[in-house]
>>> print(open('my_file.cif').read())   # mmCIF, C-alpha atoms
data_input
loop_
_atom_site.label_atom_id
_atom_site.label_comp_id
_atom_site.auth_asym_id
_atom_site.auth_seq_id
_atom_site.Cartn_x
_atom_site.Cartn_y
_atom_site.Cartn_z
CA MET A 1 -165.87 67.54 17.52
CA GLY A 2 -167.51 66.06 20.55
CA ARG A 3 -165.79 63.41 22.57
CA VAL A 4 -166.11 59.93 21.06
CA ASP A 5 -166.37 57.74 24.13
CA ARG A 6 -167.55 54.39 22.77
CA PRO A 7 -165.40 53.48 19.74
CA GLY A 8 -165.72 49.82 20.66
CA ARG A 9 -169.33 49.76 19.41
CA ARG A 10 -168.36 50.50 15.88
CA THR A 11 -169.31 47.66 13.53
CA PRO A 12 -166.79 47.88 10.63
CA ARG A 13 -163.43 46.20 10.97
CA PHE A 14 -160.87 48.13 12.99
CA PRO A 15 -157.44 49.06 11.63
CA ALA A 16 -154.47 47.82 13.59
CA THR A 17 -150.73 48.24 13.56
CA ARG A 18 -147.90 46.42 15.21
CA ALA A 19 -146.11 49.12 17.17
CA PRO A 20 -142.43 49.18 18.15
CA GLN A 21 -141.37 46.31 20.39
CA CYS A 22 -137.93 47.26 21.66
CA ARG A 23 -135.37 44.54 21.72
CA ARG A 24 -134.11 45.53 25.16
CA PRO A 25 -136.28 44.90 28.23
CA ALA A 26 -138.77 47.69 28.82
CA THR A 27 -142.17 48.21 30.31
CA VAL A 28 -145.14 49.06 28.13
CA ALA A 29 -145.28 52.81 27.94
CA PRO A 30 -148.19 54.47 29.76
CA HIS A 31 -150.77 56.33 27.74
CA ASP A 32 -148.91 59.55 27.03
CA PRO A 33 -149.71 62.69 25.01
CA HIS A 34 -146.28 62.41 23.37
CA ARG A 35 -147.56 59.35 21.52
CA ASP A 36 -150.92 60.64 20.44
CA ARG A 37 -150.11 61.27 16.81
CA ASP A 38 -150.24 58.77 13.97
CA HIS A 39 -148.43 55.69 15.28
CA ALA A 40 -149.97 53.58 12.51
CA GLY A 41 -149.46 51.65 9.27
CA THR A 42 -151.39 49.28 6.86
CA ASP A 43 -153.49 46.17 6.69
CA SER A 44 -150.65 44.02 5.39
CA GLY A 45 -150.40 41.99 8.59
CA ALA A 46 -154.11 41.54 9.22
CA ALA A 47 -154.27 37.95 8.04
CA ALA A 48 -151.35 36.93 10.24
CA ARG A 49 -152.76 38.49 13.41
CA PRO A 50 -156.51 38.13 14.09
CA ALA A 51 -158.02 41.18 15.72
CA PRO A 52 -159.38 40.83 19.27
CA ARG A 53 -163.04 41.73 19.53
CA PRO A 54 -163.28 45.29 20.87
CA GLY A 55 -166.57 44.62 22.61
CA ARG A 56 -164.85 42.33 25.10
CA SER A 57 -162.45 45.04 26.26
CA PRO A 58 -164.17 48.42 26.67
CA PRO A 59 -162.03 51.43 25.76
CA CYS A 60 -160.89 53.60 28.64
CA GLY A 61 -158.87 56.77 29.10
CA SER A 62 -158.02 59.11 26.27
CA ALA A 63 -155.40 61.62 25.23
CA ARG A 64 -155.29 64.00 22.29
CA GLY A 65 -152.62 64.77 19.75
CA TRP A 66 -152.62 67.26 16.89
CA ASP A 67 -154.72 65.01 14.67
CA ASN A 68 -156.14 62.16 16.75
CA GLN A 69 -157.56 61.02 20.05
CA LEU A 70 -156.00 57.85 21.41
CA TRP A 71 -158.05 55.42 23.50
CA ARG A 72 -156.64 52.45 25.36
CA LEU A 73 -158.25 49.12 24.50
CA GLY A 74 -157.23 46.49 27.03
CA ASP A 75 -153.63 46.15 28.18
CA ASP A 76 -151.71 46.54 24.93
CA LEU A 77 -154.03 48.02 22.31
CA ALA A 78 -155.13 51.54 21.45
CA VAL A 79 -157.77 52.93 19.12
CA ARG A 80 -156.84 56.06 17.22
CA LEU A 81 -159.72 58.38 16.37
CA PRO A 82 -159.17 61.33 14.01
CA TRP A 83 -160.62 64.44 15.58
CA ALA A 84 -159.00 67.71 14.56
CA THR A 85 -157.15 68.45 11.35
CA GLY A 86 -158.47 67.96 7.84
CA SER A 87 -155.32 66.13 6.74
CA VAL A 88 -155.74 63.16 9.08
CA ASP A 89 -157.18 60.84 6.45
CA MET A 90 -154.31 61.56 4.08
CA LEU A 91 -151.73 60.94 6.81
CA LEU A 92 -153.34 57.65 7.77
CA ARG A 93 -153.50 56.44 4.18
CA LYS A 94 -149.86 57.44 3.67
CA GLU A 95 -148.71 55.35 6.62
CA HIS A 96 -150.81 52.39 5.52
CA THR A 97 -149.30 52.56 2.05
CA TRP A 98 -145.61 53.04 2.77
CA LEU A 99 -144.67 51.77 6.23
CA PRO A 100 -144.91 48.07 5.31
CA VAL A 101 -142.49 48.78 2.45
CA LEU A 102 -139.96 50.59 4.63
CA ALA A 103 -140.18 48.75 7.96
CA PRO A 104 -138.31 45.55 6.94
CA THR A 105 -135.26 47.61 5.97
CA LEU A 106 -134.98 49.63 9.19
CA PRO A 107 -132.79 48.65 12.17
CA LEU A 108 -135.06 50.20 14.81
CA GLU A 109 -138.62 49.10 15.46
CA VAL A 110 -141.41 51.08 13.80
CA PRO A 111 -145.21 50.67 13.99
CA VAL A 112 -146.04 48.25 11.19
CA PRO A 113 -149.75 48.54 10.25
CA GLN A 114 -152.24 45.72 10.16
CA ARG A 115 -155.80 46.99 9.71
CA LEU A 116 -157.72 50.00 8.52
CA GLY A 117 -161.30 50.83 9.50
CA GLU A 118 -163.58 52.63 7.06
CA PRO A 119 -166.04 55.43 7.88
CA SER A 120 -169.59 54.53 8.81
CA ASP A 121 -172.73 56.24 10.07
CA ARG A 122 -171.44 55.69 13.63
CA PHE A 123 -168.07 57.37 13.07
CA SER A 124 -167.53 59.43 9.95
CA ALA A 125 -163.73 59.13 9.62
CA ARG A 126 -161.27 56.28 9.18
CA LEU A 127 -159.85 55.06 12.45
CA ASP A 128 -156.92 52.99 13.53
CA ARG A 129 -156.10 50.40 16.14
CA HIS A 130 -152.56 49.51 17.07
CA HIS A 131 -150.44 47.85 19.72
CA LEU A 132 -148.78 50.03 22.35
CA GLY A 133 -145.03 49.77 21.96
CA ALA A 134 -142.37 49.12 24.53
CA GLY A 135 -139.98 51.87 25.54
CA ARG A 136 -140.52 55.45 26.60
CA PRO A 137 -140.26 58.87 24.93
CA ARG A 138 -136.75 60.25 24.89
CA ARG A 139 -135.86 62.52 27.83
CA PRO A 140 -132.73 64.64 28.19
CA ARG A 141 -130.41 63.64 31.03
CA PRO A 142 -127.74 65.87 32.56
CA ARG A 143 -124.90 63.40 32.18
CA HIS A 144 -122.23 62.43 29.69
CA PRO A 145 -123.59 60.48 26.73
CA ARG A 146 -123.40 56.73 26.90
CA ARG A 147 -120.81 55.35 24.52
CA GLY A 148 -122.48 54.55 21.24
CA ILE A 149 -125.63 56.59 21.98
CA GLY A 150 -125.67 57.91 18.39
CA ARG A 151 -125.31 54.50 16.77
CA GLY A 152 -129.04 53.71 16.69
CA PRO A 153 -130.20 56.98 15.10
CA ALA A 154 -127.28 56.96 12.64
CA ALA A 155 -128.04 53.41 11.56
CA PHE A 156 -131.76 54.19 11.31
CA LEU A 157 -131.25 57.23 9.08
CA THR A 158 -128.59 55.49 6.99
CA ALA A 159 -131.15 52.78 6.22
CA LEU A 160 -134.09 55.16 5.72
CA HIS A 161 -132.30 57.72 3.53
CA ARG A 162 -132.39 55.82 0.27
CA PRO A 163 -133.78 57.26 -2.97
CA ALA A 164 -137.56 57.41 -2.88
CA PRO A 165 -139.80 56.50 -5.83
CA GLU A 166 -141.42 59.19 -7.93
CA ASP A 167 -144.80 58.60 -6.31
CA ALA A 168 -143.44 59.11 -2.78
CA PRO A 169 -145.50 61.59 -0.75
CA VAL A 170 -144.65 65.27 -0.75
CA GLY A 171 -143.75 66.75 2.63
CA ARG A 172 -145.82 69.28 4.53
CA SER A 173 -143.17 72.02 4.39
CA ARG A 174 -140.47 69.46 5.13
CA GLY A 175 -137.49 68.36 3.06
CA GLY A 176 -137.41 71.21 0.54
CA PRO A 177 -135.07 74.19 0.21
CA LEU A 178 -134.64 76.17 3.41
CA SER A 179 -135.00 79.39 1.45
CA GLU A 180 -138.73 78.63 1.25
CA HIS A 181 -139.01 78.95 5.02
CA THR A 182 -137.16 82.16 5.88
CA GLU A 183 -140.35 84.00 6.78
CA GLY A 184 -141.51 81.15 9.00
CA PHE A 185 -138.10 80.93 10.70
CA ALA A 186 -138.16 84.65 11.42
CA HIS A 187 -141.63 84.38 12.92
CA GLN A 188 -140.64 81.43 15.13
CA LEU A 189 -137.56 83.25 16.38
CA ALA A 190 -139.51 86.44 17.07
CA THR A 191 -142.19 84.51 18.97
CA ALA A 192 -139.69 82.56 21.05
CA THR A 193 -137.78 85.76 21.83
CA GLU A 194 -140.94 87.61 22.90
CA LEU A 195 -141.77 84.71 25.22
CA GLY A 196 -138.34 85.05 26.85
CA LEU A 197 -137.18 81.66 25.59
CA VAL A 198 -134.16 82.88 23.60
CA ALA A 199 -131.42 84.87 25.32
CA ASP A 200 -129.34 85.59 22.21
CA PRO A 201 -131.60 85.87 19.15
CA GLU A 202 -128.78 87.19 16.97
CA ALA A 203 -126.73 84.05 17.53
CA VAL A 204 -129.76 81.92 16.65
CA ARG A 205 -130.45 84.02 13.56
CA ALA A 206 -126.84 83.55 12.46
CA ILE A 207 -127.28 79.75 12.39
CA LEU A 208 -130.52 80.06 10.42
CA ASP A 209 -129.00 82.52 7.95
CA ASP A 210 -125.99 80.28 7.44
CA ALA A 211 -128.24 77.28 6.79
CA VAL A 212 -130.27 79.19 4.22
CA ALA A 213 -127.07 80.36 2.52
CA ALA A 214 -125.67 76.83 2.25
CA PRO A 215 -125.89 75.16 -1.18
CA ASP A 216 -129.16 73.31 -1.77
CA TRP A 217 -129.39 69.52 -1.90
CA THR A 218 -128.66 68.31 -5.44
CA GLY A 219 -128.83 64.56 -4.82
CA PRO A 220 -131.88 62.34 -5.25
CA ALA A 221 -134.89 62.90 -3.01
CA VAL A 222 -134.54 60.35 -0.20
CA TRP A 223 -137.09 58.98 2.23
CA LEU A 224 -137.51 61.20 5.30
CA HIS A 225 -139.23 60.71 8.62
CA ALA A 226 -139.42 64.53 8.71
CA ASP A 227 -140.55 64.86 12.34
CA LEU A 228 -137.74 63.50 14.49
CA HIS A 229 -137.86 65.04 17.93
CA ALA A 230 -137.87 63.74 21.49
CA ALA A 231 -141.57 62.82 21.52
CA ASN A 232 -141.28 60.60 18.44
CA VAL A 233 -138.51 58.23 19.48
CA LEU A 234 -138.54 55.50 22.12
CA THR A 235 -135.71 54.39 24.38
CA ALA A 236 -135.13 51.44 26.67
CA ASP A 237 -132.27 51.33 29.18
CA GLY A 238 -130.90 54.55 27.69
CA THR A 239 -130.71 53.09 24.16
CA PHE A 240 -132.81 54.14 21.18
CA CYS A 241 -135.10 51.27 20.28
CA GLY A 242 -138.01 52.63 18.23
CA VAL A 243 -139.25 55.47 16.04
CA ILE A 244 -142.93 56.41 15.88
CA ASP A 245 -145.26 58.88 14.16
CA PHE A 246 -144.65 58.69 10.43
CA GLY A 247 -147.42 61.14 9.60
CA ASP A 248 -144.91 63.48 7.93
CA LEU A 249 -143.16 60.75 5.92
CA CYS A 250 -141.98 62.24 2.64
CA ALA A 251 -139.06 62.51 0.23
CA GLY A 252 -136.50 65.29 0.08
CA ASP A 253 -133.25 66.67 1.50
CA PRO A 254 -131.72 64.38 4.18
CA ALA A 255 -130.66 67.45 6.17
CA CYS A 256 -134.22 67.68 7.49
CA ASP A 257 -133.71 64.41 9.41
CA LEU A 258 -130.03 64.90 10.19
CA ALA A 259 -131.10 67.69 12.54
CA ALA A 260 -131.61 64.79 14.96
CA ALA A 261 -127.87 64.94 15.72
CA TRP A 262 -128.66 67.98 17.89
CA ASN A 263 -132.39 67.59 18.58
CA LEU A 264 -132.16 64.03 19.93
CA LEU A 265 -128.61 63.30 21.02
CA PRO A 266 -126.88 64.55 24.18
CA ASP A 267 -123.93 66.91 24.37
CA GLY A 268 -120.87 65.73 22.50
CA ALA A 269 -122.64 63.05 20.44
CA ALA A 270 -123.21 64.88 17.13
CA ASP A 271 -119.72 64.33 15.74
CA ARG A 272 -119.86 60.60 16.42
CA PHE A 273 -123.31 60.46 14.83
CA PHE A 274 -121.95 61.98 11.62
CA GLU A 275 -118.97 59.60 11.65
CA LEU A 276 -121.42 56.68 11.63
CA TYR A 277 -123.99 58.04 9.18
CA ARG A 278 -123.62 56.98 5.54
CA PRO A 279 -123.17 58.35 3.00
CA ALA A 280 -121.09 60.92 4.86
CA ALA A 281 -122.82 64.30 5.04
CA ASP A 282 -120.87 67.07 3.36
CA PRO A 283 -120.38 70.46 5.10
CA ALA A 284 -123.30 72.05 3.22
CA THR A 285 -125.67 69.30 4.35
CA ARG A 286 -124.54 69.70 7.94
CA ARG A 287 -125.09 73.46 7.74
CA ARG A 288 -128.64 72.91 6.47
CA ALA A 289 -129.19 70.29 9.16
CA ARG A 290 -128.23 72.81 11.84
CA GLY A 291 -130.82 75.20 10.42
CA TRP A 292 -133.53 72.54 10.56
CA ALA A 293 -132.45 71.68 14.10
CA VAL A 294 -132.78 75.29 15.24
CA ALA A 295 -136.19 75.62 13.59
CA ARG A 296 -137.45 72.43 15.25
CA ALA A 297 -136.07 73.49 18.62
CA LEU A 298 -137.83 76.86 18.39
CA VAL A 299 -141.18 75.27 17.55
CA CYS A 300 -140.91 72.73 20.37
CA MET A 301 -139.88 75.45 22.83
CA ILE A 302 -142.95 77.49 21.91
CA ILE A 303 -145.20 74.44 22.28
CA GLY A 304 -143.56 73.64 25.61
CA ASP A 305 -144.11 77.18 26.87
CA ALA A 306 -147.77 77.00 25.84
CA GLY A 307 -148.10 73.83 27.90
CA VAL A 308 -146.46 75.40 30.95
CA HIS A 309 -148.86 78.35 30.79
CA GLY A 310 -151.98 76.40 29.89
CA ARG A 311 -152.41 77.71 26.35
CA PRO A 312 -154.18 75.54 23.75
CA GLY A 313 -152.01 72.99 22.01
CA GLY A 314 -149.26 73.18 24.63
CA LYS A 315 -147.15 70.23 25.76
CA PRO A 316 -145.00 71.20 28.77
CA THR A 317 -142.59 68.29 28.42
CA TRP A 318 -141.53 69.43 24.95
CA GLY A 319 -139.72 72.49 26.29
CA PRO A 320 -136.69 71.07 28.14
CA PRO A 321 -135.39 68.84 25.29
CA ALA A 322 -135.79 71.73 22.85
CA GLN A 323 -133.98 74.17 25.15
CA ALA A 324 -131.14 71.66 25.49
CA ALA A 325 -130.97 71.24 21.71
CA LEU A 326 -130.77 74.99 21.11
CA ARG A 327 -128.03 75.37 23.71
CA ARG A 328 -126.14 72.52 22.05
CA LEU A 329 -126.34 74.22 18.66
CA LEU A 330 -125.17 77.55 20.03
CA ASP A 331 -122.28 75.92 21.86
CA THR A 332 -120.92 74.03 18.84
CA ALA A 333 -118.98 75.46 15.93
CA ASP A 334 -120.12 75.66 12.33
CA PRO A 335 -119.10 72.32 10.74
CA SER A 336 -117.83 74.08 7.63
#
>>> encode(input="my_file.cif", output="structure tokens")
Amino acid sequence: MGRVDRPGRRTPRFPATRAPQCRRPATVAPHDPHRDRDHAGTDSGAAARPAPRPGRSPPCGSARGWDNQLWRLGDDLAVRLPWATGSVDMLLRKEHTWLPVLAPTLPLEVPVPQRLGEPSDRFSARLDRHHLGAGRPRRPRPRHPRRGIGRGPAAFLTALHRPAPEDAPVGRSRGGPLSEHTEGFAHQLATATELGLVADPEAVRAILDDAVAAPDWTGPAVWLHADLHAANVLTADGTFCGVIDFGDLCAGDPACDLAAAWNLLPDGAADRFFELYRPAADPATRRRARGWAVARALVCMIIGDAGVHGRPGGKPTWGPPAQAALRRLLDTADPS
């Protein structure tokens, strides 16, 4: 698709979402490729918050995510323009349907939607406008974890992981049995090893094999974010304050999200995270979570390497947090 450089001229109403506003002081995050994907919701708040007229504030600057281009609109707004994948419309509709239902129950800020723009002859896809949130993408820091660093993610997932209704969306290869992904895991590990990103592939394979061998989830399908990694959480003053990008929202095995104990938290914080998370995860769930954490780390390492070497779809800043997560997993013992 060609570059869409004048979204402000579009005549239909624009969708909008209220993005995370962290409770702790923080500057508005700069336009960043980490935040390009699906930070949106629904038109439930449209009546309460009139939309500024786009024509008075020309869009400027753009960045691209997997599914969308993001254009700044004034100081605190952004217009999200679908541009790449065929599933964008479905993801946008999903967020607009479910985020207003979930947001009031969550202890961290999430992007609550306000408006949804329909296709027209000027732009053939639905588009979204939302407020830029406060806080910054999570970055690993080579220091001891701040006391209580796991409290925010544990509280967030405790609140989110409640039984989902029967009409909850189905995940895009997220939240189901790990046995369905053995071929994909093997491919990811082989790719990362060939790129020189994994020093001990056998040790990594052992974690994946153990996760696949763990008993499957037999509880109710619970709500999942299903894409928790360093680019999809916001922090302020070293504290987690927001979660973004609910494009993969679905229902399934909580282990998919509990991988955050290693993917997001610093060294030594996983045990405290699991002490705070409720209901307490049994050993089998923790084994599956470690498998999901390894899989996510491998994918993010590959994407990071592509960014370093200028390959399409690469994001160089994704590599270091993923490398740290994999090291963390290899350094810690099997919870069973």
>>> residues_around(input="my_file.cif", residues="segment 212-227 of chain A", least_positions_apart="4", cutoff="8 Å", atoms="all atoms listed in the file", output="number ranges by chain")
A: 160-164, 171, 174-175, 177-179, 182, 208, 232, 245-246, 248-254, 256-257, 284-285, 287-288, 291
>>> write_last_selection(input="my_file.cif", atoms="C-alpha atoms", output="PDB file, in the coordinates of the input")
ATOM      1  CA  LEU A 160    -134.090  55.160   5.720  1.00  0.00           C
ATOM      2  CA  HIS A 161    -132.300  57.720   3.530  1.00  0.00           C
ATOM      3  CA  ARG A 162    -132.390  55.820   0.270  1.00  0.00           C
ATOM      4  CA  PRO A 163    -133.780  57.260  -2.970  1.00  0.00           C
ATOM      5  CA  ALA A 164    -137.560  57.410  -2.880  1.00  0.00           C
ATOM      6  CA  GLY A 171    -143.750  66.750   2.630  1.00  0.00           C
ATOM      7  CA  ARG A 174    -140.470  69.460   5.130  1.00  0.00           C
ATOM      8  CA  GLY A 175    -137.490  68.360   3.060  1.00  0.00           C
ATOM      9  CA  PRO A 177    -135.070  74.190   0.210  1.00  0.00           C
ATOM     10  CA  LEU A 178    -134.640  76.170   3.410  1.00  0.00           C
ATOM     11  CA  SER A 179    -135.000  79.390   1.450  1.00  0.00           C
ATOM     12  CA  THR A 182    -137.160  82.160   5.880  1.00  0.00           C
ATOM     13  CA  LEU A 208    -130.520  80.060  10.420  1.00  0.00           C
ATOM     14  CA  ASN A 232    -141.280  60.600  18.440  1.00  0.00           C
ATOM     15  CA  ASP A 245    -145.260  58.880  14.160  1.00  0.00           C
ATOM     16  CA  PHE A 246    -144.650  58.690  10.430  1.00  0.00           C
ATOM     17  CA  ASP A 248    -144.910  63.480   7.930  1.00  0.00           C
ATOM     18  CA  LEU A 249    -143.160  60.750   5.920  1.00  0.00           C
ATOM     19  CA  CYS A 250    -141.980  62.240   2.640  1.00  0.00           C
ATOM     20  CA  ALA A 251    -139.060  62.510   0.230  1.00  0.00           C
ATOM     21  CA  GLY A 252    -136.500  65.290   0.080  1.00  0.00           C
ATOM     22  CA  ASP A 253    -133.250  66.670   1.500  1.00  0.00           C
ATOM     23  CA  PRO A 254    -131.720  64.380   4.180  1.00  0.00           C
ATOM     24  CA  CYS A 256    -134.220  67.680   7.490  1.00  0.00           C
ATOM     25  CA  ASP A 257    -133.710  64.410   9.410  1.00  0.00           C
ATOM     26  CA  ALA A 284    -123.300  72.050   3.220  1.00  0.00           C
ATOM     27  CA  THR A 285    -125.670  69.300   4.350  1.00  0.00           C
ATOM     28  CA  ARG A 287    -125.090  73.460   7.740  1.00  0.00           C
ATOM     29  CA  ARG A 288    -128.640  72.910   6.470  1.00  0.00           C
ATOM     30  CA  GLY A 291    -130.820  75.200  10.420  1.00  0.00           C
TER      31      GLY A 291
END
>>> residues_around(input="my_file.cif", residues="Thr193 of chain A", least_positions_apart="4", cutoff="12 Å", atoms="only C-alpha atoms", output="mmCIF file with C-alpha atoms, in the coordinates of the input")
data_model
loop_
_atom_site.group_PDB
_atom_site.id
_atom_site.type_symbol
_atom_site.label_atom_id
_atom_site.label_comp_id
_atom_site.auth_asym_id
_atom_site.auth_seq_id
_atom_site.Cartn_x
_atom_site.Cartn_y
_atom_site.Cartn_z
ATOM 1 C CA ALA A 186 -138.160 84.650 11.420
ATOM 2 C CA HIS A 187 -141.630 84.380 12.920
ATOM 3 C CA GLN A 188 -140.640 81.430 15.130
ATOM 4 C CA LEU A 189 -137.560 83.250 16.380
ATOM 5 C CA LEU A 197 -137.180 81.660 25.590
ATOM 6 C CA VAL A 198 -134.160 82.880 23.600
ATOM 7 C CA ALA A 199 -131.420 84.870 25.320
ATOM 8 C CA ASP A 200 -129.340 85.590 22.210
ATOM 9 C CA PRO A 201 -131.600 85.870 19.150
ATOM 10 C CA GLU A 202 -128.780 87.190 16.970
ATOM 11 C CA ALA A 203 -126.730 84.050 17.530
ATOM 12 C CA VAL A 204 -129.760 81.920 16.650
ATOM 13 C CA ARG A 205 -130.450 84.020 13.560
ATOM 14 C CA LEU A 298 -137.830 76.860 18.390
ATOM 15 C CA VAL A 299 -141.180 75.270 17.550
ATOM 16 C CA MET A 301 -139.880 75.450 22.830
ATOM 17 C CA ILE A 302 -142.950 77.490 21.910
ATOM 18 C CA ASP A 305 -144.110 77.180 26.870
#
>>> closest_residue(input="my_file.cif", among="A:Pro111, A:Gly150, A:Pro279, A:Gly304", to="Gln323 of chain A", atoms="all atoms listed in the file")
A:Gly304
>>> closest_residue(input="my_file.cif", among="A:Lys315, A:Arg290, A:Lys94, A:His309", to="Leu330 of chain A", atoms="all atoms listed in the file")
A:Arg290
>>> residues_near_point(input="my_file.cif", point="(-145.5, 50.3, 9.2)", cutoff="6 Å", atoms="all atoms listed in the file", output="JSON, numbers by chain")
{"A": [41, 99, 100, 103, 111, 112, 113]}
>>> resolve_selection(input="my_file.cif", expression="the PyMOL selection byres ((chain A and resi 258) around 9)", output="number ranges by chain")
A: 154, 157, 228, 254-257, 259-262, 274, 281, 285-286, 288-290, 292-293
>>> write_last_selection(input="my_file.cif", atoms="C-alpha atoms", output="PDB file, in the coordinates of the input")
ATOM      1  CA  ALA A 154    -127.280  56.960  12.640  1.00  0.00           C
ATOM      2  CA  LEU A 157    -131.250  57.230   9.080  1.00  0.00           C
ATOM      3  CA  LEU A 228    -137.740  63.500  14.490  1.00  0.00           C
ATOM      4  CA  PRO A 254    -131.720  64.380   4.180  1.00  0.00           C
ATOM      5  CA  ALA A 255    -130.660  67.450   6.170  1.00  0.00           C
ATOM      6  CA  CYS A 256    -134.220  67.680   7.490  1.00  0.00           C
ATOM      7  CA  ASP A 257    -133.710  64.410   9.410  1.00  0.00           C
ATOM      8  CA  ALA A 259    -131.100  67.690  12.540  1.00  0.00           C
ATOM      9  CA  ALA A 260    -131.610  64.790  14.960  1.00  0.00           C
ATOM     10  CA  ALA A 261    -127.870  64.940  15.720  1.00  0.00           C
ATOM     11  CA  TRP A 262    -128.660  67.980  17.890  1.00  0.00           C
ATOM     12  CA  PHE A 274    -121.950  61.980  11.620  1.00  0.00           C
ATOM     13  CA  ALA A 281    -122.820  64.300   5.040  1.00  0.00           C
ATOM     14  CA  THR A 285    -125.670  69.300   4.350  1.00  0.00           C
ATOM     15  CA  ARG A 286    -124.540  69.700   7.940  1.00  0.00           C
ATOM     16  CA  ARG A 288    -128.640  72.910   6.470  1.00  0.00           C
ATOM     17  CA  ALA A 289    -129.190  70.290   9.160  1.00  0.00           C
ATOM     18  CA  ARG A 290    -128.230  72.810  11.840  1.00  0.00           C
ATOM     19  CA  TRP A 292    -133.530  72.540  10.560  1.00  0.00           C
ATOM     20  CA  ALA A 293    -132.450  71.680  14.100  1.00  0.00           C
TER      21      ALA A 293
END
>>> residues_near_point(input="my_file.cif", point="(-138.5, 56.5, 18.8)", cutoff="7 Å", atoms="all atoms listed in the file", output="list in words")
Pro137, Asn232, Val233, Leu234, Thr235, Phe240, Cys241, Gly242, Val243 and Ile244 of chain A
>>> closest_residue(input="my_file.cif", among="A:Asp209, A:Asp89, A:Asp67, A:Glu118", to="Glu183 of chain A", atoms="all atoms listed in the file")
A:Asp209
>>> closest_residue(input="my_file.cif", among="A:Ala295, A:Ala168, A:Leu195, A:Leu265", to="Val101 of chain A", atoms="all atoms listed in the file")
A:Ala168
>>> atom_distance(input="my_file.cif", atom1="atom CA of Val170 of chain A", atom2="atom CA of Gly152 of chain A")
26.1 Å
>>> resolve_selection(input="my_file.cif", expression="the PyMOL selection byres ((chain A and resi 317) around 10)", output="list of chain:residue names")
A:Pro33, A:His34, A:Arg139, A:Ala230, A:Ala231, A:Cys300, A:Met301, A:Ile303, A:Gly304, A:Asp305, A:Gly307, A:Val308, A:Gly314, A:Lys315, A:Pro316, A:Trp318, A:Gly319, A:Pro320, A:Pro321, A:Ala322
>>> atom_distance(input="my_file.cif", atom1="atom CA of Leu91 of chain A", atom2="atom CA of Leu108 of chain A")
21.4 Å
>>> closest_residue(input="my_file.cif", among="A:Val294, A:Leu81, A:Ala211, A:Leu106", to="Asn263 of chain A", atoms="all atoms listed in the file")
A:Val294
>>> atom_distance(input="my_file.cif", atom1="atom CA of Asp331 of chain A", atom2="atom CA of Asp267 of chain A")
9.5 Å
